[in-house]
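Here is entry14.txt, consisting of compact mmCIF, N, CA and C atoms:
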# COMPACT_ATOMS: atom_id res chain seq x y z
N MET L 998 46.34 41.30 -33.72
CA MET L 998 47.78 41.12 -33.69
C MET L 998 48.35 41.19 -35.11
N ALA L 999 47.54 40.87 -36.09
CA ALA L 999 48.01 40.94 -37.47
C ALA L 999 48.45 42.36 -37.84
N LEU L 1000 47.71 43.36 -37.39
CA LEU L 1000 48.10 44.75 -37.67
C LEU L 1000 49.40 45.10 -36.96
N ALA L 1001 49.59 44.62 -35.74
CA ALA L 1001 50.83 44.88 -35.01
C ALA L 1001 52.01 44.21 -35.71
N LEU L 1002 51.80 43.00 -36.21
CA LEU L 1002 52.87 42.32 -36.95
C LEU L 1002 53.22 43.07 -38.24
N ALA L 1003 52.22 43.62 -38.90
CA ALA L 1003 52.49 44.42 -40.10
C ALA L 1003 53.31 45.65 -39.75
N GLU L 1004 53.01 46.29 -38.62
CA GLU L 1004 53.80 47.43 -38.17
C GLU L 1004 55.23 47.01 -37.83
N ALA L 1005 55.39 45.84 -37.23
CA ALA L 1005 56.73 45.34 -36.91
C ALA L 1005 57.54 45.10 -38.18
N LYS L 1006 56.90 44.53 -39.19
CA LYS L 1006 57.58 44.29 -40.47
C LYS L 1006 57.98 45.61 -41.13
N ALA L 1007 57.11 46.60 -41.05
CA ALA L 1007 57.43 47.91 -41.62
C ALA L 1007 58.59 48.55 -40.86
N ALA L 1008 58.63 48.37 -39.54
CA ALA L 1008 59.75 48.90 -38.75
C ALA L 1008 61.05 48.23 -39.18
N ALA L 1009 61.02 46.91 -39.35
CA ALA L 1009 62.22 46.19 -39.79
C ALA L 1009 62.70 46.70 -41.15
N ALA L 1010 61.78 46.98 -42.04
CA ALA L 1010 62.14 47.50 -43.37
C ALA L 1010 62.83 48.86 -43.27
N ARG L 1011 62.55 49.61 -42.20
CA ARG L 1011 63.20 50.91 -41.98
C ARG L 1011 64.50 50.76 -41.20
N GLY L 1012 64.84 49.52 -40.83
CA GLY L 1012 66.06 49.28 -40.05
C GLY L 1012 65.85 49.37 -38.56
N GLU L 1013 64.61 49.49 -38.13
CA GLU L 1013 64.27 49.55 -36.71
C GLU L 1013 64.06 48.13 -36.17
N VAL L 1014 64.25 47.96 -34.88
CA VAL L 1014 63.92 46.68 -34.25
C VAL L 1014 62.44 46.41 -34.53
N PRO L 1015 62.12 45.23 -35.06
CA PRO L 1015 60.75 44.96 -35.51
C PRO L 1015 59.76 44.70 -34.38
N VAL L 1016 59.24 45.78 -33.85
CA VAL L 1016 58.17 45.71 -32.86
C VAL L 1016 57.05 46.60 -33.35
N GLY L 1017 55.84 46.08 -33.28
CA GLY L 1017 54.67 46.85 -33.68
C GLY L 1017 53.61 46.83 -32.61
N ALA L 1018 52.80 47.89 -32.57
CA ALA L 1018 51.75 48.01 -31.56
C ALA L 1018 50.50 48.60 -32.18
N VAL L 1019 49.35 48.17 -31.66
CA VAL L 1019 48.05 48.68 -32.11
C VAL L 1019 47.18 48.88 -30.88
N ILE L 1020 46.45 50.00 -30.84
CA ILE L 1020 45.53 50.27 -29.74
C ILE L 1020 44.11 50.32 -30.30
N LEU L 1021 43.24 49.54 -29.65
CA LEU L 1021 41.83 49.50 -30.03
C LEU L 1021 40.98 50.19 -28.97
N SER L 1022 39.96 50.89 -29.43
CA SER L 1022 38.99 51.52 -28.52
C SER L 1022 38.15 50.42 -27.87
N PRO L 1023 37.36 50.78 -26.85
CA PRO L 1023 36.50 49.77 -26.22
C PRO L 1023 35.54 49.08 -27.19
N ASP L 1024 35.17 49.77 -28.28
CA ASP L 1024 34.28 49.15 -29.26
C ASP L 1024 35.01 48.55 -30.45
N GLY L 1025 36.34 48.40 -30.34
CA GLY L 1025 37.11 47.69 -31.35
C GLY L 1025 37.62 48.51 -32.52
N VAL L 1026 37.52 49.82 -32.44
CA VAL L 1026 38.03 50.70 -33.50
C VAL L 1026 39.53 50.92 -33.29
N VAL L 1027 40.30 50.83 -34.37
CA VAL L 1027 41.73 51.09 -34.28
C VAL L 1027 41.95 52.58 -34.03
N LEU L 1028 42.53 52.90 -32.88
CA LEU L 1028 42.83 54.29 -32.54
C LEU L 1028 44.22 54.70 -33.00
N ALA L 1029 45.15 53.74 -32.94
CA ALA L 1029 46.54 54.05 -33.31
C ALA L 1029 47.27 52.76 -33.61
N GLN L 1030 48.24 52.87 -34.49
CA GLN L 1030 49.14 51.76 -34.76
C GLN L 1030 50.50 52.34 -35.09
N ALA L 1031 51.54 51.65 -34.63
CA ALA L 1031 52.89 52.17 -34.80
C ALA L 1031 53.91 51.05 -34.72
N GLY L 1032 55.05 51.34 -35.29
CA GLY L 1032 56.22 50.47 -35.14
C GLY L 1032 57.29 51.26 -34.43
N ASN L 1033 58.33 50.58 -34.02
CA ASN L 1033 59.44 51.27 -33.37
C ASN L 1033 59.95 52.40 -34.26
N ARG L 1034 60.32 53.52 -33.65
CA ARG L 1034 60.85 54.68 -34.40
C ARG L 1034 62.02 55.32 -33.68
N THR L 1035 62.74 54.55 -32.87
CA THR L 1035 63.84 55.13 -32.10
C THR L 1035 64.94 55.69 -32.99
N LEU L 1036 65.28 54.99 -34.06
CA LEU L 1036 66.33 55.48 -34.96
C LEU L 1036 65.83 56.64 -35.82
N GLY L 1037 64.67 56.46 -36.41
CA GLY L 1037 64.11 57.48 -37.29
C GLY L 1037 63.82 58.79 -36.60
N ASP L 1038 63.37 58.71 -35.36
CA ASP L 1038 63.04 59.92 -34.60
C ASP L 1038 64.19 60.40 -33.72
N LEU L 1039 65.28 59.63 -33.68
CA LEU L 1039 66.41 59.93 -32.78
C LEU L 1039 65.89 60.13 -31.36
N ASP L 1040 65.06 59.17 -30.94
CA ASP L 1040 64.37 59.27 -29.66
C ASP L 1040 64.36 57.89 -28.99
N PRO L 1041 65.11 57.71 -27.91
CA PRO L 1041 65.15 56.40 -27.27
C PRO L 1041 63.82 55.97 -26.65
N THR L 1042 62.87 56.90 -26.52
CA THR L 1042 61.57 56.53 -25.97
C THR L 1042 60.55 56.20 -27.07
N ALA L 1043 60.93 56.25 -28.32
CA ALA L 1043 59.99 56.04 -29.43
C ALA L 1043 59.77 54.55 -29.70
N HIS L 1044 59.50 53.80 -28.64
CA HIS L 1044 59.12 52.39 -28.79
C HIS L 1044 57.71 52.35 -29.37
N ALA L 1045 57.38 51.28 -30.05
CA ALA L 1045 56.08 51.17 -30.70
C ALA L 1045 54.92 51.46 -29.74
N GLU L 1046 55.02 50.92 -28.52
CA GLU L 1046 53.94 51.10 -27.56
C GLU L 1046 53.76 52.57 -27.19
N VAL L 1047 54.85 53.26 -26.93
CA VAL L 1047 54.80 54.67 -26.53
C VAL L 1047 54.28 55.53 -27.68
N VAL L 1048 54.76 55.26 -28.89
CA VAL L 1048 54.30 56.01 -30.06
C VAL L 1048 52.79 55.82 -30.25
N ALA L 1049 52.32 54.58 -30.10
CA ALA L 1049 50.89 54.30 -30.25
C ALA L 1049 50.08 54.93 -29.12
N ILE L 1050 50.58 54.87 -27.90
CA ILE L 1050 49.87 55.50 -26.77
C ILE L 1050 49.74 57.00 -27.00
N ARG L 1051 50.81 57.64 -27.42
CA ARG L 1051 50.75 59.09 -27.68
C ARG L 1051 49.71 59.42 -28.75
N ALA L 1052 49.71 58.64 -29.83
CA ALA L 1052 48.76 58.89 -30.93
C ALA L 1052 47.32 58.64 -30.49
N ALA L 1053 47.09 57.56 -29.74
CA ALA L 1053 45.73 57.26 -29.29
C ALA L 1053 45.23 58.32 -28.30
N CYS L 1054 46.09 58.75 -27.41
CA CYS L 1054 45.69 59.81 -26.46
C CYS L 1054 45.36 61.10 -27.19
N GLU L 1055 46.17 61.43 -28.17
CA GLU L 1055 45.89 62.65 -28.95
C GLU L 1055 44.56 62.52 -29.68
N ARG L 1056 44.34 61.36 -30.26
CA ARG L 1056 43.09 61.16 -31.01
C ARG L 1056 41.87 61.27 -30.09
N LEU L 1057 41.99 60.75 -28.87
CA LEU L 1057 40.87 60.80 -27.92
C LEU L 1057 40.80 62.12 -27.16
N GLY L 1058 41.89 62.90 -27.20
CA GLY L 1058 41.92 64.14 -26.44
C GLY L 1058 41.97 63.89 -24.95
N SER L 1059 42.69 62.85 -24.56
CA SER L 1059 42.76 62.45 -23.15
C SER L 1059 44.12 61.82 -22.86
N GLU L 1060 44.56 61.93 -21.62
CA GLU L 1060 45.80 61.27 -21.22
C GLU L 1060 45.54 59.84 -20.77
N ARG L 1061 44.31 59.41 -20.77
CA ARG L 1061 43.91 58.07 -20.34
C ARG L 1061 43.31 57.29 -21.50
N LEU L 1062 43.57 56.00 -21.49
CA LEU L 1062 43.02 55.10 -22.51
C LEU L 1062 42.15 54.03 -21.83
N ALA L 1063 41.35 54.47 -20.88
CA ALA L 1063 40.48 53.55 -20.13
C ALA L 1063 39.60 52.77 -21.10
N GLY L 1064 39.56 51.48 -20.91
CA GLY L 1064 38.74 50.62 -21.75
C GLY L 1064 39.39 50.20 -23.05
N CYS L 1065 40.57 50.74 -23.34
CA CYS L 1065 41.27 50.42 -24.59
C CYS L 1065 42.18 49.21 -24.40
N ASP L 1066 42.44 48.53 -25.50
CA ASP L 1066 43.31 47.37 -25.50
C ASP L 1066 44.52 47.63 -26.38
N LEU L 1067 45.67 47.11 -25.94
CA LEU L 1067 46.92 47.29 -26.69
C LEU L 1067 47.44 45.92 -27.11
N TYR L 1068 47.76 45.80 -28.38
CA TYR L 1068 48.37 44.61 -28.95
C TYR L 1068 49.79 44.97 -29.34
N VAL L 1069 50.77 44.18 -28.90
CA VAL L 1069 52.17 44.47 -29.22
C VAL L 1069 52.89 43.15 -29.49
N THR L 1070 53.86 43.20 -30.39
CA THR L 1070 54.50 41.97 -30.84
C THR L 1070 55.59 41.46 -29.92
N LEU L 1071 55.98 42.23 -28.92
CA LEU L 1071 57.02 41.83 -27.99
C LEU L 1071 56.63 42.28 -26.59
N GLU L 1072 56.96 41.48 -25.60
CA GLU L 1072 56.70 41.86 -24.21
C GLU L 1072 57.25 43.26 -23.95
N PRO L 1073 56.42 44.15 -23.45
CA PRO L 1073 56.88 45.52 -23.22
C PRO L 1073 58.04 45.59 -22.22
N CYS L 1074 58.94 46.52 -22.49
CA CYS L 1074 60.06 46.79 -21.59
C CYS L 1074 59.52 47.51 -20.35
N PRO L 1075 60.33 47.70 -19.32
CA PRO L 1075 59.83 48.39 -18.12
C PRO L 1075 59.27 49.79 -18.40
N MET L 1076 59.91 50.55 -19.29
CA MET L 1076 59.42 51.89 -19.62
C MET L 1076 58.02 51.81 -20.23
N CYS L 1077 57.86 50.92 -21.19
CA CYS L 1077 56.57 50.80 -21.87
C CYS L 1077 55.51 50.22 -20.95
N ALA L 1078 55.89 49.25 -20.13
CA ALA L 1078 54.93 48.67 -19.17
C ALA L 1078 54.41 49.76 -18.24
N THR L 1079 55.28 50.64 -17.80
CA THR L 1079 54.87 51.74 -16.93
C THR L 1079 53.97 52.71 -17.68
N ALA L 1080 54.30 53.04 -18.92
CA ALA L 1080 53.46 53.93 -19.72
C ALA L 1080 52.08 53.33 -19.93
N ILE L 1081 52.02 52.03 -20.15
CA ILE L 1081 50.74 51.32 -20.32
C ILE L 1081 49.91 51.46 -19.04
N SER L 1082 50.55 51.31 -17.90
CA SER L 1082 49.87 51.47 -16.62
C SER L 1082 49.37 52.90 -16.44
N PHE L 1083 50.24 53.87 -16.69
CA PHE L 1083 49.86 55.28 -16.53
C PHE L 1083 48.70 55.66 -17.46
N ALA L 1084 48.67 55.07 -18.65
CA ALA L 1084 47.60 55.37 -19.60
C ALA L 1084 46.30 54.64 -19.26
N ARG L 1085 46.35 53.75 -18.30
CA ARG L 1085 45.18 52.99 -17.85
C ARG L 1085 44.61 52.07 -18.93
N VAL L 1086 45.50 51.47 -19.73
CA VAL L 1086 45.08 50.51 -20.75
C VAL L 1086 44.37 49.35 -20.05
N ARG L 1087 43.27 48.92 -20.61
CA ARG L 1087 42.46 47.85 -20.00
C ARG L 1087 43.13 46.48 -20.14
N ARG L 1088 43.52 46.13 -21.37
CA ARG L 1088 44.12 44.82 -21.62
C ARG L 1088 45.36 44.97 -22.47
N LEU L 1089 46.36 44.19 -22.11
CA LEU L 1089 47.62 44.12 -22.87
C LEU L 1089 47.73 42.73 -23.45
N TYR L 1090 47.84 42.66 -24.78
CA TYR L 1090 48.07 41.40 -25.48
C TYR L 1090 49.45 41.50 -26.11
N TYR L 1091 50.32 40.54 -25.82
CA TYR L 1091 51.62 40.57 -26.50
C TYR L 1091 51.99 39.21 -27.03
N ALA L 1092 52.83 39.23 -28.05
CA ALA L 1092 53.20 38.01 -28.77
C ALA L 1092 54.36 37.29 -28.10
N ALA L 1093 55.56 37.76 -28.33
CA ALA L 1093 56.77 37.06 -27.87
C ALA L 1093 57.25 37.58 -26.52
N PRO L 1094 57.71 36.68 -25.66
CA PRO L 1094 58.31 37.12 -24.40
C PRO L 1094 59.68 37.73 -24.65
N ASP L 1095 60.15 38.54 -23.71
CA ASP L 1095 61.48 39.13 -23.80
C ASP L 1095 62.21 38.90 -22.48
N ALA L 1096 62.92 37.77 -22.42
CA ALA L 1096 63.59 37.39 -21.17
C ALA L 1096 64.66 38.39 -20.75
N LYS L 1097 65.27 39.07 -21.72
CA LYS L 1097 66.33 40.04 -21.40
C LYS L 1097 65.80 41.41 -21.05
N GLY L 1098 64.84 41.89 -21.81
CA GLY L 1098 64.42 43.29 -21.66
C GLY L 1098 62.98 43.50 -21.25
N GLY L 1099 62.25 42.42 -21.03
CA GLY L 1099 60.84 42.55 -20.69
C GLY L 1099 60.62 43.13 -19.32
N GLY L 1100 59.45 43.73 -19.14
CA GLY L 1100 59.12 44.32 -17.85
C GLY L 1100 57.78 43.88 -17.30
N VAL L 1101 57.16 42.88 -17.97
CA VAL L 1101 55.83 42.44 -17.56
C VAL L 1101 55.93 41.09 -16.84
N GLU L 1102 56.39 40.08 -17.55
CA GLU L 1102 56.54 38.75 -16.96
C GLU L 1102 58.00 38.39 -16.72
N HIS L 1103 58.89 39.26 -17.13
CA HIS L 1103 60.33 39.11 -16.91
C HIS L 1103 60.84 40.39 -16.25
N GLY L 1104 62.11 40.39 -15.89
CA GLY L 1104 62.71 41.60 -15.32
C GLY L 1104 61.96 42.10 -14.10
N PRO L 1105 61.67 43.41 -14.06
CA PRO L 1105 61.08 43.99 -12.84
C PRO L 1105 59.60 43.66 -12.62
N ARG L 1106 58.95 43.07 -13.60
CA ARG L 1106 57.52 42.71 -13.45
C ARG L 1106 56.72 43.88 -12.87
N ILE L 1107 56.66 44.92 -13.64
CA ILE L 1107 56.06 46.19 -13.23
C ILE L 1107 54.69 46.02 -12.58
N TYR L 1108 53.83 45.19 -13.17
CA TYR L 1108 52.46 45.09 -12.66
C TYR L 1108 52.36 44.32 -11.36
N ALA L 1109 53.42 43.65 -10.96
CA ALA L 1109 53.43 42.91 -9.70
C ALA L 1109 53.94 43.76 -8.54
N GLN L 1110 54.42 44.96 -8.85
CA GLN L 1110 54.98 45.82 -7.81
C GLN L 1110 53.87 46.50 -7.02
N PRO L 1111 54.04 46.63 -5.71
CA PRO L 1111 52.99 47.28 -4.90
C PRO L 1111 52.80 48.75 -5.24
N THR L 1112 53.78 49.37 -5.88
CA THR L 1112 53.66 50.78 -6.26
C THR L 1112 52.92 50.98 -7.57
N CYS L 1113 52.57 49.91 -8.25
CA CYS L 1113 51.84 50.01 -9.52
C CYS L 1113 50.38 50.29 -9.22
N HIS L 1114 49.86 51.41 -9.73
CA HIS L 1114 48.50 51.82 -9.42
C HIS L 1114 47.45 51.21 -10.35
N HIS L 1115 47.84 50.86 -11.56
CA HIS L 1115 46.90 50.25 -12.50
C HIS L 1115 47.56 49.05 -13.17
N ARG L 1116 46.90 47.92 -13.13
CA ARG L 1116 47.40 46.69 -13.74
C ARG L 1116 46.45 46.26 -14.85
N PRO L 1117 46.90 46.29 -16.09
CA PRO L 1117 46.02 45.80 -17.15
C PRO L 1117 45.92 44.28 -17.07
N ASP L 1118 44.87 43.74 -17.63
CA ASP L 1118 44.82 42.30 -17.82
C ASP L 1118 45.87 41.97 -18.88
N VAL L 1119 46.65 40.94 -18.67
CA VAL L 1119 47.75 40.60 -19.57
C VAL L 1119 47.52 39.23 -20.19
N TYR L 1120 47.66 39.18 -21.52
CA TYR L 1120 47.53 37.94 -22.28
C TYR L 1120 48.77 37.83 -23.17
N SER L 1121 49.50 36.74 -23.04
CA SER L 1121 50.73 36.60 -23.81
C SER L 1121 50.66 35.40 -24.74
N GLY L 1122 51.61 35.35 -25.67
CA GLY L 1122 51.74 34.20 -26.55
C GLY L 1122 50.91 34.25 -27.81
N ILE L 1123 50.25 35.37 -28.10
CA ILE L 1123 49.42 35.49 -29.29
C ILE L 1123 50.32 35.76 -30.49
N ALA L 1124 50.33 34.87 -31.47
CA ALA L 1124 51.23 34.96 -32.64
C ALA L 1124 52.69 34.99 -32.21
N GLU L 1125 52.99 34.28 -31.14
CA GLU L 1125 54.35 34.28 -30.58
C GLU L 1125 55.40 33.79 -31.58
N SER L 1126 55.14 32.70 -32.26
CA SER L 1126 56.16 32.13 -33.14
C SER L 1126 56.48 33.07 -34.31
N GLU L 1127 55.47 33.72 -34.87
CA GLU L 1127 55.72 34.65 -35.99
C GLU L 1127 56.52 35.86 -35.52
N SER L 1128 56.15 36.40 -34.38
CA SER L 1128 56.86 37.56 -33.85
C SER L 1128 58.30 37.20 -33.48
N ALA L 1129 58.48 36.07 -32.83
CA ALA L 1129 59.83 35.64 -32.43
C ALA L 1129 60.70 35.40 -33.66
N ALA L 1130 60.13 34.81 -34.70
CA ALA L 1130 60.90 34.56 -35.93
C ALA L 1130 61.31 35.88 -36.59
N LEU L 1131 60.42 36.84 -36.59
CA LEU L 1131 60.72 38.16 -37.16
C LEU L 1131 61.89 38.80 -36.43
N LEU L 1132 61.87 38.76 -35.11
CA LEU L 1132 62.95 39.32 -34.30
C LEU L 1132 64.26 38.54 -34.51
N ARG L 1133 64.16 37.22 -34.48
CA ARG L 1133 65.34 36.38 -34.66
C ARG L 1133 66.02 36.66 -36.00
N ASP L 1134 65.21 36.70 -37.06
CA ASP L 1134 65.76 36.96 -38.40
C ASP L 1134 66.38 38.35 -38.50
N PHE L 1135 65.74 39.33 -37.90
CA PHE L 1135 66.26 40.69 -37.93
C PHE L 1135 67.64 40.77 -37.29
N PHE L 1136 67.79 40.19 -36.11
CA PHE L 1136 69.08 40.26 -35.42
C PHE L 1136 70.12 39.34 -36.04
N ARG L 1137 69.70 38.21 -36.57
CA ARG L 1137 70.63 37.30 -37.26
C ARG L 1137 71.25 38.02 -38.48
N ASP L 1138 70.46 38.73 -39.20
CA ASP L 1138 70.94 39.43 -40.40
C ASP L 1138 71.89 40.58 -40.05
N ARG L 1139 71.89 41.04 -38.83
CA ARG L 1139 72.76 42.13 -38.43
C ARG L 1139 74.04 41.68 -37.73
N ARG L 1140 74.15 40.39 -37.51
CA ARG L 1140 75.35 39.88 -36.83
C ARG L 1140 76.33 39.29 -37.79

Is it possible to express this structure as C-alpha cells?
Amino acid sequence: MALALAEAKAAAARGEVPVGAVILSPDGVVLAQAGNRTLGDLDPTAHAEVVAIRAACERLGSERLAGCDLYVTLEPCPMCATAISFARVRRLYYAAPDAKGGGVEHGPRIYAQPTCHHRPDVYSGIAESESAALLRDFFRDRR
C-alpha cells in the first residue's frame, strides 16, 4: 500500500485526485503502478486502477490478471470495480472507503450482483487514515 500511497501523492502534485494503485504478480513482483491521470490524459476512464490494469495486462501480454493482487488507496468506483472483475484480479486491497462514489462496499456493490462473473477477495481499511487524510487535504485546499 505504501507504493500506492506514493502514486496518490504524485497524482495530487499533478493536480489529479490523489488515488494510487499497484498491481502485484502472484509471486509479489510489481507489474504496474499508477496514479489518477484523468486530467493529464483528458480521459475520464484514466482512474489509477484502470491505468494500472492496462499496464499490467500489456506487461503480461494478456487481458487477464489471474492470481494478481491490486492495492488502491480509495474504494474503487463502479467502473473500476467492474474492470477489476473483468481482469480477474485475485485480491483487491483498498485503503479508504468512498461512501459517495464507491462501487464495492458502497453504491451498487458490483461484486454482490448476480451478474458479476468474478469476485475478487476484498480487504479494506489498509492505511485508511493516511489515504483519507490525503484526500481530505486535497479537496480542502481546492474549496

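Straight-line separation from CA of Ser1059 in chain L to CA of Arg1087 in chain L: 14.9 Å.
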
Straight-line distance linking CA of Arg1116 in chain L with atom C of Ser1082 in chain L, stated in Å to one decimal: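 Spanning CA of Arg1116 in chain L to atom C of Ser1082 in chain L is a straight-line distance of 7.1 Å.
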
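CA of Thr1070 in chain L sits 7.4 Å away from atom N of Ala1129 in chain L.
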
Who sits within 7 Å of range 1119-1123 of chain L, only C-alpha atoms, same chain under 6 positions skipped, as a PyMOL selection string: chain L and resi 1088-1093

Contact residues around Cys1065 in chain L with only C-alpha atoms at 9 Å, ignoring same-chain residues under 5 positions, as a PyMOL selection string: chain L and resi 1020-1025+1028+1085-1088

Those in chain L with strand (DSSP E or B) from DSSP, as an MDAnalysis selection string: chainID L and resid 1017:1021 1027:1032 1063 1066:1071 1086 1088:1093 1118:1121

Write to file, as an mmCIF file, in the frame of the given file, the residues of the selection just made, with N, CA and C atoms.
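This is the output file again32.cif:
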data_model
loop_
_atom_site.group_PDB
_atom_site.id
_atom_site.type_symbol
_atom_site.label_atom_id
_atom_site.label_comp_id
_atom_site.auth_asym_id
_atom_site.auth_seq_id
_atom_site.Cartn_x
_atom_site.Cartn_y
_atom_site.Cartn_z
ATOM 1 N N GLY L 1017 55.840 46.080 -33.280
ATOM 2 C CA GLY L 1017 54.670 46.850 -33.680
ATOM 3 C C GLY L 1017 53.610 46.830 -32.610
ATOM 4 N N ALA L 1018 52.800 47.890 -32.570
ATOM 5 C CA ALA L 1018 51.750 48.010 -31.560
ATOM 6 C C ALA L 1018 50.500 48.600 -32.180
ATOM 7 N N VAL L 1019 49.350 48.170 -31.660
ATOM 8 C CA VAL L 1019 48.050 48.680 -32.110
ATOM 9 C C VAL L 1019 47.180 48.880 -30.880
ATOM 10 N N ILE L 1020 46.450 50.000 -30.840
ATOM 11 C CA ILE L 1020 45.530 50.270 -29.740
ATOM 12 C C ILE L 1020 44.110 50.320 -30.300
ATOM 13 N N LEU L 1021 43.240 49.540 -29.650
ATOM 14 C CA LEU L 1021 41.830 49.500 -30.030
ATOM 15 C C LEU L 1021 40.980 50.190 -28.970
ATOM 16 N N VAL L 1027 40.300 50.830 -34.370
ATOM 17 C CA VAL L 1027 41.730 51.090 -34.280
ATOM 18 C C VAL L 1027 41.950 52.580 -34.030
ATOM 19 N N LEU L 1028 42.530 52.900 -32.880
ATOM 20 C CA LEU L 1028 42.830 54.290 -32.540
ATOM 21 C C LEU L 1028 44.220 54.700 -33.000
ATOM 22 N N ALA L 1029 45.150 53.740 -32.940
ATOM 23 C CA ALA L 1029 46.540 54.050 -33.310
ATOM 24 C C ALA L 1029 47.270 52.760 -33.610
ATOM 25 N N GLN L 1030 48.240 52.870 -34.490
ATOM 26 C CA GLN L 1030 49.140 51.760 -34.760
ATOM 27 C C GLN L 1030 50.500 52.340 -35.090
ATOM 28 N N ALA L 1031 51.540 51.650 -34.630
ATOM 29 C CA ALA L 1031 52.890 52.170 -34.800
ATOM 30 C C ALA L 1031 53.910 51.050 -34.720
ATOM 31 N N GLY L 1032 55.050 51.340 -35.290
ATOM 32 C CA GLY L 1032 56.220 50.470 -35.140
ATOM 33 C C GLY L 1032 57.290 51.260 -34.430
ATOM 34 N N ALA L 1063 41.350 54.470 -20.880
ATOM 35 C CA ALA L 1063 40.480 53.550 -20.130
ATOM 36 C C ALA L 1063 39.600 52.770 -21.100
ATOM 37 N N ASP L 1066 42.440 48.530 -25.500
ATOM 38 C CA ASP L 1066 43.310 47.370 -25.500
ATOM 39 C C ASP L 1066 44.520 47.630 -26.380
ATOM 40 N N LEU L 1067 45.670 47.110 -25.940
ATOM 41 C CA LEU L 1067 46.920 47.290 -26.690
ATOM 42 C C LEU L 1067 47.440 45.920 -27.110
ATOM 43 N N TYR L 1068 47.760 45.800 -28.380
ATOM 44 C CA TYR L 1068 48.370 44.610 -28.950
ATOM 45 C C TYR L 1068 49.790 44.970 -29.340
ATOM 46 N N VAL L 1069 50.770 44.180 -28.900
ATOM 47 C CA VAL L 1069 52.170 44.470 -29.220
ATOM 48 C C VAL L 1069 52.890 43.150 -29.490
ATOM 49 N N THR L 1070 53.860 43.200 -30.390
ATOM 50 C CA THR L 1070 54.500 41.970 -30.840
ATOM 51 C C THR L 1070 55.590 41.460 -29.920
ATOM 52 N N LEU L 1071 55.980 42.230 -28.920
ATOM 53 C CA LEU L 1071 57.020 41.830 -27.990
ATOM 54 C C LEU L 1071 56.630 42.280 -26.590
ATOM 55 N N VAL L 1086 45.500 51.470 -19.730
ATOM 56 C CA VAL L 1086 45.080 50.510 -20.750
ATOM 57 C C VAL L 1086 44.370 49.350 -20.050
ATOM 58 N N ARG L 1088 43.520 46.130 -21.370
ATOM 59 C CA ARG L 1088 44.120 44.820 -21.620
ATOM 60 C C ARG L 1088 45.360 44.970 -22.470
ATOM 61 N N LEU L 1089 46.360 44.190 -22.110
ATOM 62 C CA LEU L 1089 47.620 44.120 -22.870
ATOM 63 C C LEU L 1089 47.730 42.730 -23.450
ATOM 64 N N TYR L 1090 47.840 42.660 -24.780
ATOM 65 C CA TYR L 1090 48.070 41.400 -25.480
ATOM 66 C C TYR L 1090 49.450 41.500 -26.110
ATOM 67 N N TYR L 1091 50.320 40.540 -25.820
ATOM 68 C CA TYR L 1091 51.620 40.570 -26.500
ATOM 69 C C TYR L 1091 51.990 39.210 -27.030
ATOM 70 N N ALA L 1092 52.830 39.230 -28.050
ATOM 71 C CA ALA L 1092 53.200 38.010 -28.770
ATOM 72 C C ALA L 1092 54.360 37.290 -28.100
ATOM 73 N N ALA L 1093 55.560 37.760 -28.330
ATOM 74 C CA ALA L 1093 56.770 37.060 -27.870
ATOM 75 C C ALA L 1093 57.250 37.580 -26.520
ATOM 76 N N ASP L 1118 44.870 43.740 -17.630
ATOM 77 C CA ASP L 1118 44.820 42.300 -17.820
ATOM 78 C C ASP L 1118 45.870 41.970 -18.880
ATOM 79 N N VAL L 1119 46.650 40.940 -18.670
ATOM 80 C CA VAL L 1119 47.750 40.600 -19.570
ATOM 81 C C VAL L 1119 47.520 39.230 -20.190
ATOM 82 N N TYR L 1120 47.660 39.180 -21.520
ATOM 83 C CA TYR L 1120 47.530 37.940 -22.280
ATOM 84 C C TYR L 1120 48.770 37.830 -23.170
ATOM 85 N N SER L 1121 49.500 36.740 -23.040
ATOM 86 C CA SER L 1121 50.730 36.600 -23.810
ATOM 87 C C SER L 1121 50.660 35.400 -24.740
#

Nearest-residue call for Pro1075 in chain L, choices L:Asp1138, L:Glu1004, L:Asp1095, L:Asp1118, using only C-alpha atoms: L:Asp1095

Which of range 1002-1126 of chain L fall in alpha helix (DSSP H), as a ChimeraX atom specification: /L:1002-1010,1035-1038,1045-1057,1075-1083,1125-1126

Within 6.5 Å of Pro1094 in chain L using all atoms listed in the file, minus same-chain residues under 6 positions, as a ChimeraX atom specification: /L:1071-1072,1122,1125

Nearest-residue call for Gly1012 in chain L, choices L:Leu1000, L:Ala1031, L:Leu1036, L:Val1101, using only N, CA and C atoms: L:Leu1036
